[in-house]
$ cat model_33.cif   # mmCIF, N, CA and C atoms
data_run
#
loop_
_atom_site.group_PDB
_atom_site.id
_atom_site.type_symbol
_atom_site.label_atom_id
_atom_site.label_comp_id
_atom_site.auth_asym_id
_atom_site.auth_seq_id
_atom_site.Cartn_x
_atom_site.Cartn_y
_atom_site.Cartn_z
ATOM 1 N N MET X 1 166.881 55.002 95.562
ATOM 2 C CA MET X 1 165.967 56.126 95.678
ATOM 3 C C MET X 1 164.578 55.709 95.182
ATOM 4 N N PRO X 2 163.515 56.097 95.921
ATOM 5 C CA PRO X 2 162.168 55.675 95.513
ATOM 6 C C PRO X 2 161.691 56.418 94.263
ATOM 7 N N LYS X 3 160.655 55.845 93.665
ATOM 8 C CA LYS X 3 160.059 56.489 92.493
ATOM 9 C C LYS X 3 159.401 57.796 92.902
ATOM 10 N N LEU X 4 159.389 58.764 91.997
ATOM 11 C CA LEU X 4 158.739 60.045 92.265
ATOM 12 C C LEU X 4 157.286 59.981 91.835
ATOM 13 N N LYS X 5 156.429 60.668 92.582
ATOM 14 C CA LYS X 5 155.014 60.694 92.224
ATOM 15 C C LYS X 5 154.753 61.818 91.236
ATOM 16 N N THR X 6 153.965 61.514 90.222
ATOM 17 C CA THR X 6 153.540 62.517 89.250
ATOM 18 C C THR X 6 152.334 63.244 89.823
ATOM 19 N N ASN X 7 152.301 64.551 89.690
ATOM 20 C CA ASN X 7 151.137 65.329 90.099
ATOM 21 C C ASN X 7 150.028 65.069 89.079
ATOM 22 N N ARG X 8 148.955 64.420 89.506
ATOM 23 C CA ARG X 8 147.922 63.967 88.582
ATOM 24 C C ARG X 8 147.156 65.124 87.947
ATOM 25 N N SER X 9 146.951 66.207 88.684
ATOM 26 C CA SER X 9 146.216 67.330 88.105
ATOM 27 C C SER X 9 147.031 67.973 86.983
ATOM 28 N N ALA X 10 148.346 68.045 87.157
ATOM 29 C CA ALA X 10 149.207 68.604 86.112
ATOM 30 C C ALA X 10 149.264 67.663 84.910
ATOM 31 N N ALA X 11 149.273 66.360 85.168
ATOM 32 C CA ALA X 11 149.342 65.381 84.080
ATOM 33 C C ALA X 11 148.108 65.450 83.188
ATOM 34 N N LYS X 12 146.961 65.810 83.774
ATOM 35 C CA LYS X 12 145.730 65.919 82.987
ATOM 36 C C LYS X 12 145.665 67.223 82.204
ATOM 37 N N ARG X 13 146.343 68.261 82.685
ATOM 38 C CA ARG X 13 146.260 69.575 82.052
ATOM 39 C C ARG X 13 147.324 69.833 80.993
ATOM 40 N N PHE X 14 148.460 69.168 81.082
ATOM 41 C CA PHE X 14 149.578 69.455 80.189
ATOM 42 C C PHE X 14 150.051 68.201 79.471
ATOM 43 N N LYS X 15 150.453 68.372 78.219
ATOM 44 C CA LYS X 15 151.049 67.285 77.450
ATOM 45 C C LYS X 15 152.428 67.749 76.989
ATOM 46 N N ILE X 16 153.388 66.836 76.970
ATOM 47 C CA ILE X 16 154.729 67.178 76.524
ATOM 48 C C ILE X 16 154.879 66.738 75.075
ATOM 49 N N THR X 17 155.306 67.663 74.216
ATOM 50 C CA THR X 17 155.455 67.374 72.794
ATOM 51 C C THR X 17 156.790 66.673 72.544
ATOM 52 N N LYS X 18 156.982 66.205 71.324
ATOM 53 C CA LYS X 18 158.230 65.515 70.970
ATOM 54 C C LYS X 18 159.439 66.422 71.152
ATOM 55 N N SER X 19 159.250 67.712 70.848
ATOM 56 C CA SER X 19 160.378 68.645 70.966
ATOM 57 C C SER X 19 160.621 69.080 72.407
ATOM 58 N N GLY X 20 159.738 68.670 73.341
ATOM 59 C CA GLY X 20 159.937 68.982 74.744
ATOM 60 C C GLY X 20 159.154 70.172 75.252
ATOM 61 N N LYS X 21 158.336 70.783 74.396
ATOM 62 C CA LYS X 21 157.520 71.908 74.845
ATOM 63 C C LYS X 21 156.305 71.384 75.601
ATOM 64 N N LEU X 22 155.697 72.254 76.407
ATOM 65 C CA LEU X 22 154.492 71.879 77.143
ATOM 66 C C LEU X 22 153.276 72.489 76.472
ATOM 67 N N LYS X 23 152.301 71.653 76.143
ATOM 68 C CA LYS X 23 151.094 72.098 75.472
ATOM 69 C C LYS X 23 149.974 72.206 76.492
ATOM 70 N N LYS X 24 149.132 73.246 76.377
ATOM 71 C CA LYS X 24 148.031 73.429 77.315
ATOM 72 C C LYS X 24 146.765 73.846 76.588
ATOM 73 N N ARG X 25 145.649 73.673 77.247
ATOM 74 C CA ARG X 25 144.357 74.092 76.716
ATOM 75 C C ARG X 25 144.132 75.553 77.089
ATOM 76 N N SER X 26 143.418 76.285 76.243
ATOM 77 C CA SER X 26 143.145 77.689 76.526
ATOM 78 C C SER X 26 142.201 77.835 77.711
ATOM 79 N N ALA X 27 142.378 78.886 78.486
ATOM 80 C CA ALA X 27 141.500 79.185 79.613
ATOM 81 C C ALA X 27 140.220 79.862 79.112
ATOM 82 N N ASN X 28 139.285 80.108 80.003
ATOM 83 C CA ASN X 28 138.026 80.823 79.732
ATOM 84 C C ASN X 28 137.075 80.051 78.831
ATOM 85 N N ARG X 29 137.104 78.722 78.877
ATOM 86 C CA ARG X 29 136.189 77.928 78.060
ATOM 87 C C ARG X 29 135.264 77.066 78.926
ATOM 88 N N GLY X 30 135.171 77.362 80.209
ATOM 89 C CA GLY X 30 134.394 76.518 81.111
ATOM 90 C C GLY X 30 132.905 76.812 81.091
ATOM 91 N N HIS X 31 132.525 78.049 81.374
ATOM 92 C CA HIS X 31 131.111 78.426 81.459
ATOM 93 C C HIS X 31 130.981 79.928 81.249
ATOM 94 N N ILE X 32 129.753 80.418 81.253
ATOM 95 C CA ILE X 32 129.427 81.829 80.977
ATOM 96 C C ILE X 32 129.982 82.226 79.611
ATOM 97 N N LEU X 33 129.624 81.466 78.591
ATOM 98 C CA LEU X 33 130.144 81.717 77.255
ATOM 99 C C LEU X 33 129.181 82.543 76.405
ATOM 100 N N GLY X 34 127.995 82.825 76.918
ATOM 101 C CA GLY X 34 126.995 83.555 76.146
ATOM 102 C C GLY X 34 127.402 84.981 75.822
ATOM 103 N N LYS X 35 128.146 85.609 76.723
ATOM 104 C CA LYS X 35 128.542 87.009 76.516
ATOM 105 C C LYS X 35 129.766 87.143 75.609
ATOM 106 N N MET X 36 130.422 86.025 75.316
ATOM 107 C CA MET X 36 131.619 86.063 74.466
ATOM 108 C C MET X 36 131.232 86.027 72.995
ATOM 109 N N SER X 37 132.015 86.694 72.181
ATOM 110 C CA SER X 37 131.737 86.675 70.748
ATOM 111 C C SER X 37 132.068 85.303 70.174
ATOM 112 N N ARG X 38 131.455 84.986 69.062
ATOM 113 C CA ARG X 38 131.666 83.704 68.394
ATOM 114 C C ARG X 38 133.128 83.551 67.994
ATOM 115 N N LYS X 39 133.715 84.654 67.523
ATOM 116 C CA LYS X 39 135.112 84.629 67.077
ATOM 117 C C LYS X 39 136.054 84.320 68.238
ATOM 118 N N ARG X 40 135.784 84.922 69.389
ATOM 119 C CA ARG X 40 136.651 84.694 70.554
ATOM 120 C C ARG X 40 136.583 83.244 71.014
ATOM 121 N N LYS X 41 135.373 82.691 71.048
ATOM 122 C CA LYS X 41 135.213 81.296 71.462
ATOM 123 C C LYS X 41 135.895 80.347 70.489
ATOM 124 N N ARG X 42 135.806 80.664 69.221
ATOM 125 C CA ARG X 42 136.436 79.827 68.185
ATOM 126 C C ARG X 42 137.954 79.836 68.349
ATOM 127 N N ASN X 43 138.525 81.005 68.625
ATOM 128 C CA ASN X 43 139.974 81.105 68.799
ATOM 129 C C ASN X 43 140.453 80.438 70.082
ATOM 130 N N LEU X 44 139.590 80.351 71.093
ATOM 131 C CA LEU X 44 139.968 79.705 72.343
ATOM 132 C C LEU X 44 139.966 78.186 72.238
ATOM 133 N N ARG X 45 139.424 77.636 71.169
ATOM 134 C CA ARG X 45 139.446 76.177 70.980
ATOM 135 C C ARG X 45 140.862 75.661 70.766
ATOM 136 N N LYS X 46 141.699 76.510 70.195
ATOM 137 C CA LYS X 46 143.060 76.096 69.868
ATOM 138 C C LYS X 46 143.881 75.934 71.151
ATOM 139 N N SER X 47 144.766 74.966 71.151
ATOM 140 C CA SER X 47 145.670 74.821 72.286
ATOM 141 C C SER X 47 146.880 75.721 72.056
ATOM 142 N N SER X 48 147.596 75.982 73.128
ATOM 143 C CA SER X 48 148.784 76.825 73.011
ATOM 144 C C SER X 48 149.895 76.220 73.866
ATOM 145 N N TYR X 49 151.009 76.894 73.934
ATOM 146 C CA TYR X 49 152.157 76.393 74.676
ATOM 147 C C TYR X 49 152.346 77.185 75.958
ATOM 148 N N VAL X 50 152.887 76.543 76.961
ATOM 149 C CA VAL X 50 153.167 77.181 78.248
ATOM 150 C C VAL X 50 154.348 78.121 78.069
ATOM 151 N N SER X 51 154.292 79.284 78.729
ATOM 152 C CA SER X 51 155.367 80.263 78.602
ATOM 153 C C SER X 51 156.647 79.730 79.245
ATOM 154 N N ASP X 52 157.765 80.223 78.775
ATOM 155 C CA ASP X 52 159.074 79.762 79.252
ATOM 156 C C ASP X 52 159.258 80.004 80.751
ATOM 157 N N ALA X 53 158.621 81.054 81.271
ATOM 158 C CA ALA X 53 158.764 81.374 82.695
ATOM 159 C C ALA X 53 158.121 80.308 83.577
ATOM 160 N N ASP X 54 157.076 79.636 83.090
ATOM 161 C CA ASP X 54 156.344 78.662 83.904
ATOM 162 C C ASP X 54 156.762 77.221 83.654
ATOM 163 N N VAL X 55 157.539 76.978 82.610
ATOM 164 C CA VAL X 55 157.889 75.603 82.240
ATOM 165 C C VAL X 55 158.642 74.902 83.363
ATOM 166 N N LYS X 56 159.551 75.587 84.005
ATOM 167 C CA LYS X 56 160.377 74.968 85.048
ATOM 168 C C LYS X 56 159.517 74.467 86.210
ATOM 169 N N LYS X 57 158.507 75.249 86.606
ATOM 170 C CA LYS X 57 157.618 74.873 87.704
ATOM 171 C C LYS X 57 156.790 73.639 87.350
ATOM 172 N N ILE X 58 156.284 73.600 86.126
ATOM 173 C CA ILE X 58 155.409 72.506 85.718
ATOM 174 C C ILE X 58 156.200 71.226 85.490
ATOM 175 N N ARG X 59 157.407 71.345 84.986
ATOM 176 C CA ARG X 59 158.265 70.170 84.778
ATOM 177 C C ARG X 59 158.539 69.435 86.085
ATOM 178 N N ARG X 60 158.609 70.186 87.179
ATOM 179 C CA ARG X 60 158.838 69.583 88.485
ATOM 180 C C ARG X 60 157.666 68.680 88.890
ATOM 181 N N LEU X 61 156.474 69.006 88.401
ATOM 182 C CA LEU X 61 155.284 68.215 88.737
ATOM 183 C C LEU X 61 155.156 66.975 87.852
ATOM 184 N N LEU X 62 155.880 66.959 86.730
ATOM 185 C CA LEU X 62 155.813 65.840 85.797
ATOM 186 C C LEU X 62 157.190 65.200 85.657
ATOM 187 N N PRO X 63 157.647 64.442 86.639
ATOM 188 C CA PRO X 63 159.019 63.954 86.617
ATOM 189 C C PRO X 63 159.313 62.969 85.480
ATOM 190 N N TYR X 64 158.320 62.213 85.032
ATOM 191 C CA TYR X 64 158.585 61.209 83.992
ATOM 192 C C TYR X 64 157.948 61.573 82.670
ATOM 193 N N GLY X 65 157.541 62.840 82.509
ATOM 194 C CA GLY X 65 156.836 63.252 81.301
ATOM 195 C C GLY X 65 157.724 63.578 80.149
#

$ encode --input "model_33.cif" --output "structure tokens"
Amino acid sequence: MPKLKTNRSAAKRFKITKSGKLKKRSANRGHILGKMSRKRKRNLRKSSYVSDADVKKIRRLLPYG
């Protein structure tokens, strides 16, 4: 059986932790940040984990992750 291709866009957006969870960057940090409060922007710096409902879909894109 041939090797599977990793989806490169998913590989750049998600990291797999030692425990097997998927880590992601917070959304809404690209542009138009002037109208956001300082506190909201500060809290969006933190990374978070992908919800259990979406993990199965993303794992399919990262076969060797």

$ select_by_dssp --input "model_33.cif" --residues "stretch 2-65 of chain X" --states "strand (DSSP E)" --output "VMD selection string"
chain X and resid 14 to 16 22 to 24 48 to 49

$ residues_around --input "model_33.cif" --residues "X:Leu62" --least-positions-apart "6" --cutoff "8 Å" --atoms "all atoms listed in the file" --output "list in words"
Lys5, Thr6, Asn7, Arg8, Ala10 and Ala11 of chain X

$ resolve_selection --input "model_33.cif" --expression "the PyMOL selection byres (((chain X and resi 13-15 and name CA) around 10) and name CA)" --output "PyMOL selection string"
chain X and resi 8-12+16-18+20-25+49-50+58-59+62+65

$ write_last_selection --input "model_33.cif" --atoms "N, CA and C atoms" --output "PDB file, keeping the file's coordinate frame"
ATOM      1  N   ARG X   8     148.955  64.420  89.506  1.00  0.00           N
ATOM      2  CA  ARG X   8     147.922  63.967  88.582  1.00  0.00           C
ATOM      3  C   ARG X   8     147.156  65.124  87.947  1.00  0.00           C
ATOM      4  N   SER X   9     146.951  66.207  88.684  1.00  0.00           N
ATOM      5  CA  SER X   9     146.216  67.330  88.105  1.00  0.00           C
ATOM      6  C   SER X   9     147.031  67.973  86.983  1.00  0.00           C
ATOM      7  N   ALA X  10     148.346  68.045  87.157  1.00  0.00           N
ATOM      8  CA  ALA X  10     149.207  68.604  86.112  1.00  0.00           C
ATOM      9  C   ALA X  10     149.264  67.663  84.910  1.00  0.00           C
ATOM     10  N   ALA X  11     149.273  66.360  85.168  1.00  0.00           N
ATOM     11  CA  ALA X  11     149.342  65.381  84.080  1.00  0.00           C
ATOM     12  C   ALA X  11     148.108  65.450  83.188  1.00  0.00           C
ATOM     13  N   LYS X  12     146.961  65.810  83.774  1.00  0.00           N
ATOM     14  CA  LYS X  12     145.730  65.919  82.987  1.00  0.00           C
ATOM     15  C   LYS X  12     145.665  67.223  82.204  1.00  0.00           C
ATOM     16  N   ILE X  16     153.388  66.836  76.970  1.00  0.00           N
ATOM     17  CA  ILE X  16     154.729  67.178  76.524  1.00  0.00           C
ATOM     18  C   ILE X  16     154.879  66.738  75.075  1.00  0.00           C
ATOM     19  N   THR X  17     155.306  67.663  74.216  1.00  0.00           N
ATOM     20  CA  THR X  17     155.455  67.374  72.794  1.00  0.00           C
ATOM     21  C   THR X  17     156.790  66.673  72.544  1.00  0.00           C
ATOM     22  N   LYS X  18     156.982  66.205  71.324  1.00  0.00           N
ATOM     23  CA  LYS X  18     158.230  65.515  70.970  1.00  0.00           C
ATOM     24  C   LYS X  18     159.439  66.422  71.152  1.00  0.00           C
ATOM     25  N   GLY X  20     159.738  68.670  73.341  1.00  0.00           N
ATOM     26  CA  GLY X  20     159.937  68.982  74.744  1.00  0.00           C
ATOM     27  C   GLY X  20     159.154  70.172  75.252  1.00  0.00           C
ATOM     28  N   LYS X  21     158.336  70.783  74.396  1.00  0.00           N
ATOM     29  CA  LYS X  21     157.520  71.908  74.845  1.00  0.00           C
ATOM     30  C   LYS X  21     156.305  71.384  75.601  1.00  0.00           C
ATOM     31  N   LEU X  22     155.697  72.254  76.407  1.00  0.00           N
ATOM     32  CA  LEU X  22     154.492  71.879  77.143  1.00  0.00           C
ATOM     33  C   LEU X  22     153.276  72.489  76.472  1.00  0.00           C
ATOM     34  N   LYS X  23     152.301  71.653  76.143  1.00  0.00           N
ATOM     35  CA  LYS X  23     151.094  72.098  75.472  1.00  0.00           C
ATOM     36  C   LYS X  23     149.974  72.206  76.492  1.00  0.00           C
ATOM     37  N   LYS X  24     149.132  73.246  76.377  1.00  0.00           N
ATOM     38  CA  LYS X  24     148.031  73.429  77.315  1.00  0.00           C
ATOM     39  C   LYS X  24     146.765  73.846  76.588  1.00  0.00           C
ATOM     40  N   ARG X  25     145.649  73.673  77.247  1.00  0.00           N
ATOM     41  CA  ARG X  25     144.357  74.092  76.716  1.00  0.00           C
ATOM     42  C   ARG X  25     144.132  75.553  77.089  1.00  0.00           C
ATOM     43  N   TYR X  49     151.009  76.894  73.934  1.00  0.00           N
ATOM     44  CA  TYR X  49     152.157  76.393  74.676  1.00  0.00           C
ATOM     45  C   TYR X  49     152.346  77.185  75.958  1.00  0.00           C
ATOM     46  N   VAL X  50     152.887  76.543  76.961  1.00  0.00           N
ATOM     47  CA  VAL X  50     153.167  77.181  78.248  1.00  0.00           C
ATOM     48  C   VAL X  50     154.348  78.121  78.069  1.00  0.00           C
ATOM     49  N   ILE X  58     156.284  73.600  86.126  1.00  0.00           N
ATOM     50  CA  ILE X  58     155.409  72.506  85.718  1.00  0.00           C
ATOM     51  C   ILE X  58     156.200  71.226  85.490  1.00  0.00           C
ATOM     52  N   ARG X  59     157.407  71.345  84.986  1.00  0.00           N
ATOM     53  CA  ARG X  59     158.265  70.170  84.778  1.00  0.00           C
ATOM     54  C   ARG X  59     158.539  69.435  86.085  1.00  0.00           C
ATOM     55  N   LEU X  62     155.880  66.959  86.730  1.00  0.00           N
ATOM     56  CA  LEU X  62     155.813  65.840  85.797  1.00  0.00           C
ATOM     57  C   LEU X  62     157.190  65.200  85.657  1.00  0.00           C
ATOM     58  N   GLY X  65     157.541  62.840  82.509  1.00  0.00           N
ATOM     59  CA  GLY X  65     156.836  63.252  81.301  1.00  0.00           C
ATOM     60  C   GLY X  65     157.724  63.578  80.149  1.00  0.00           C
TER      61      GLY X  65
END

$ atom_distance --input "model_33.cif" --atom1 "atom C of X:Ser26" --atom2 "atom N of X:Ser48"
7.3 Å

$ atom_distance --input "model_33.cif" --atom1 "atom C of X:Met1" --atom2 "atom C of X:Lys57"
21.1 Å

$ atom_distance --input "model_33.cif" --atom1 "atom N of X:Ser37" --atom2 "atom CA of X:Asp54"
28.2 Å

$ select_by_dssp --input "model_33.cif" --residues "chain X" --states "helix (DSSP H, G or I)" --output "VMD selection string"
chain X and resid 8 to 13 38 to 44 52 to 61

$ axis_aligned_box --input "model_33.cif" --around "stretch 51-65 of chain X" --padding-each-side "8 Å" --output "AutoDock Vina command-line options"
--center_x 157.3 --center_y 71.3 --center_z 83.7 --size_x 22.1 --size_y 36.2 --size_z 26.3

$ resolve_selection --input "model_33.cif" --expression "the PyMOL selection byres (((chain X and resi 44 and name CA) around 8) and name CA)" --output "ChimeraX atom specification"
/X:26-29,40-43,45-47

$ decode --input "model_33.cif" --residues "stretch 6-59 of chain X" --atoms "C-alpha atoms" --output "CSV table (one decimal), in the first residue's frame"
chain,number,residue,atom,x,y,z
X,6,THR,CA,-0.6,14.6,4.8
X,7,ASN,CA,-2.8,17.6,4.3
X,8,ARG,CA,-0.3,20.4,4.5
X,9,SER,CA,-2.8,23.1,5.5
X,10,ALA,CA,-3.9,21.0,8.4
X,11,ALA,CA,-0.3,20.2,9.4
X,12,LYS,CA,0.4,23.9,9.7
X,13,ARG,CA,-2.7,24.7,11.8
X,14,PHE,CA,-2.7,21.8,14.2
X,15,LYS,CA,-0.2,20.2,16.5
X,16,ILE,CA,-0.6,16.8,18.2
X,17,THR,CA,0.3,16.8,21.9
X,18,LYS,CA,2.0,13.8,23.7
X,19,SER,CA,-1.4,12.8,25.2
X,20,GLY,CA,-2.9,12.7,21.7
X,21,LYS,CA,-5.0,15.9,21.8
X,22,LEU,CA,-5.0,18.4,19.0
X,23,LYS,CA,-3.8,21.9,19.8
X,24,LYS,CA,-4.9,24.9,17.7
X,25,ARG,CA,-4.5,28.7,17.6
X,26,SER,CA,-7.4,30.9,18.5
X,27,ALA,CA,-9.4,32.5,15.7
X,28,ASN,CA,-10.1,36.2,15.2
X,29,ARG,CA,-6.4,37.3,15.4
X,30,GLY,CA,-5.8,38.1,11.8
X,31,HIS,CA,-6.9,41.7,11.2
X,32,ILE,CA,-9.4,44.4,12.2
X,33,LEU,CA,-8.1,44.3,15.8
X,34,GLY,CA,-8.7,48.0,16.6
X,35,LYS,CA,-12.3,47.5,17.7
X,36,MET,CA,-11.5,44.6,20.0
X,37,SER,CA,-10.7,45.3,23.7
X,38,ARG,CA,-7.2,44.8,25.0
X,39,LYS,CA,-8.4,42.0,27.3
X,40,ARG,CA,-10.1,40.1,24.5
X,41,LYS,CA,-6.9,40.3,22.3
X,42,ARG,CA,-4.8,39.1,25.2
X,43,ASN,CA,-7.0,36.1,25.9
X,44,LEU,CA,-7.0,35.2,22.2
X,45,ARG,CA,-3.2,34.8,22.3
X,46,LYS,CA,-3.6,31.5,24.2
X,47,SER,CA,-3.9,28.3,22.2
X,48,SER,CA,-6.7,25.9,22.9
X,49,TYR,CA,-7.7,22.3,22.0
X,50,VAL,CA,-9.9,21.1,19.2
X,51,SER,CA,-13.4,19.9,20.3
X,52,ASP,CA,-14.0,16.2,20.4
X,53,ALA,CA,-16.6,16.5,17.6
X,54,ASP,CA,-14.0,17.7,15.1
X,55,VAL,CA,-11.0,15.6,16.2
X,56,LYS,CA,-12.0,12.6,14.0
X,57,LYS,CA,-12.2,14.8,10.8
X,58,ILE,CA,-8.8,16.4,11.4
X,59,ARG,CA,-7.1,13.2,12.3
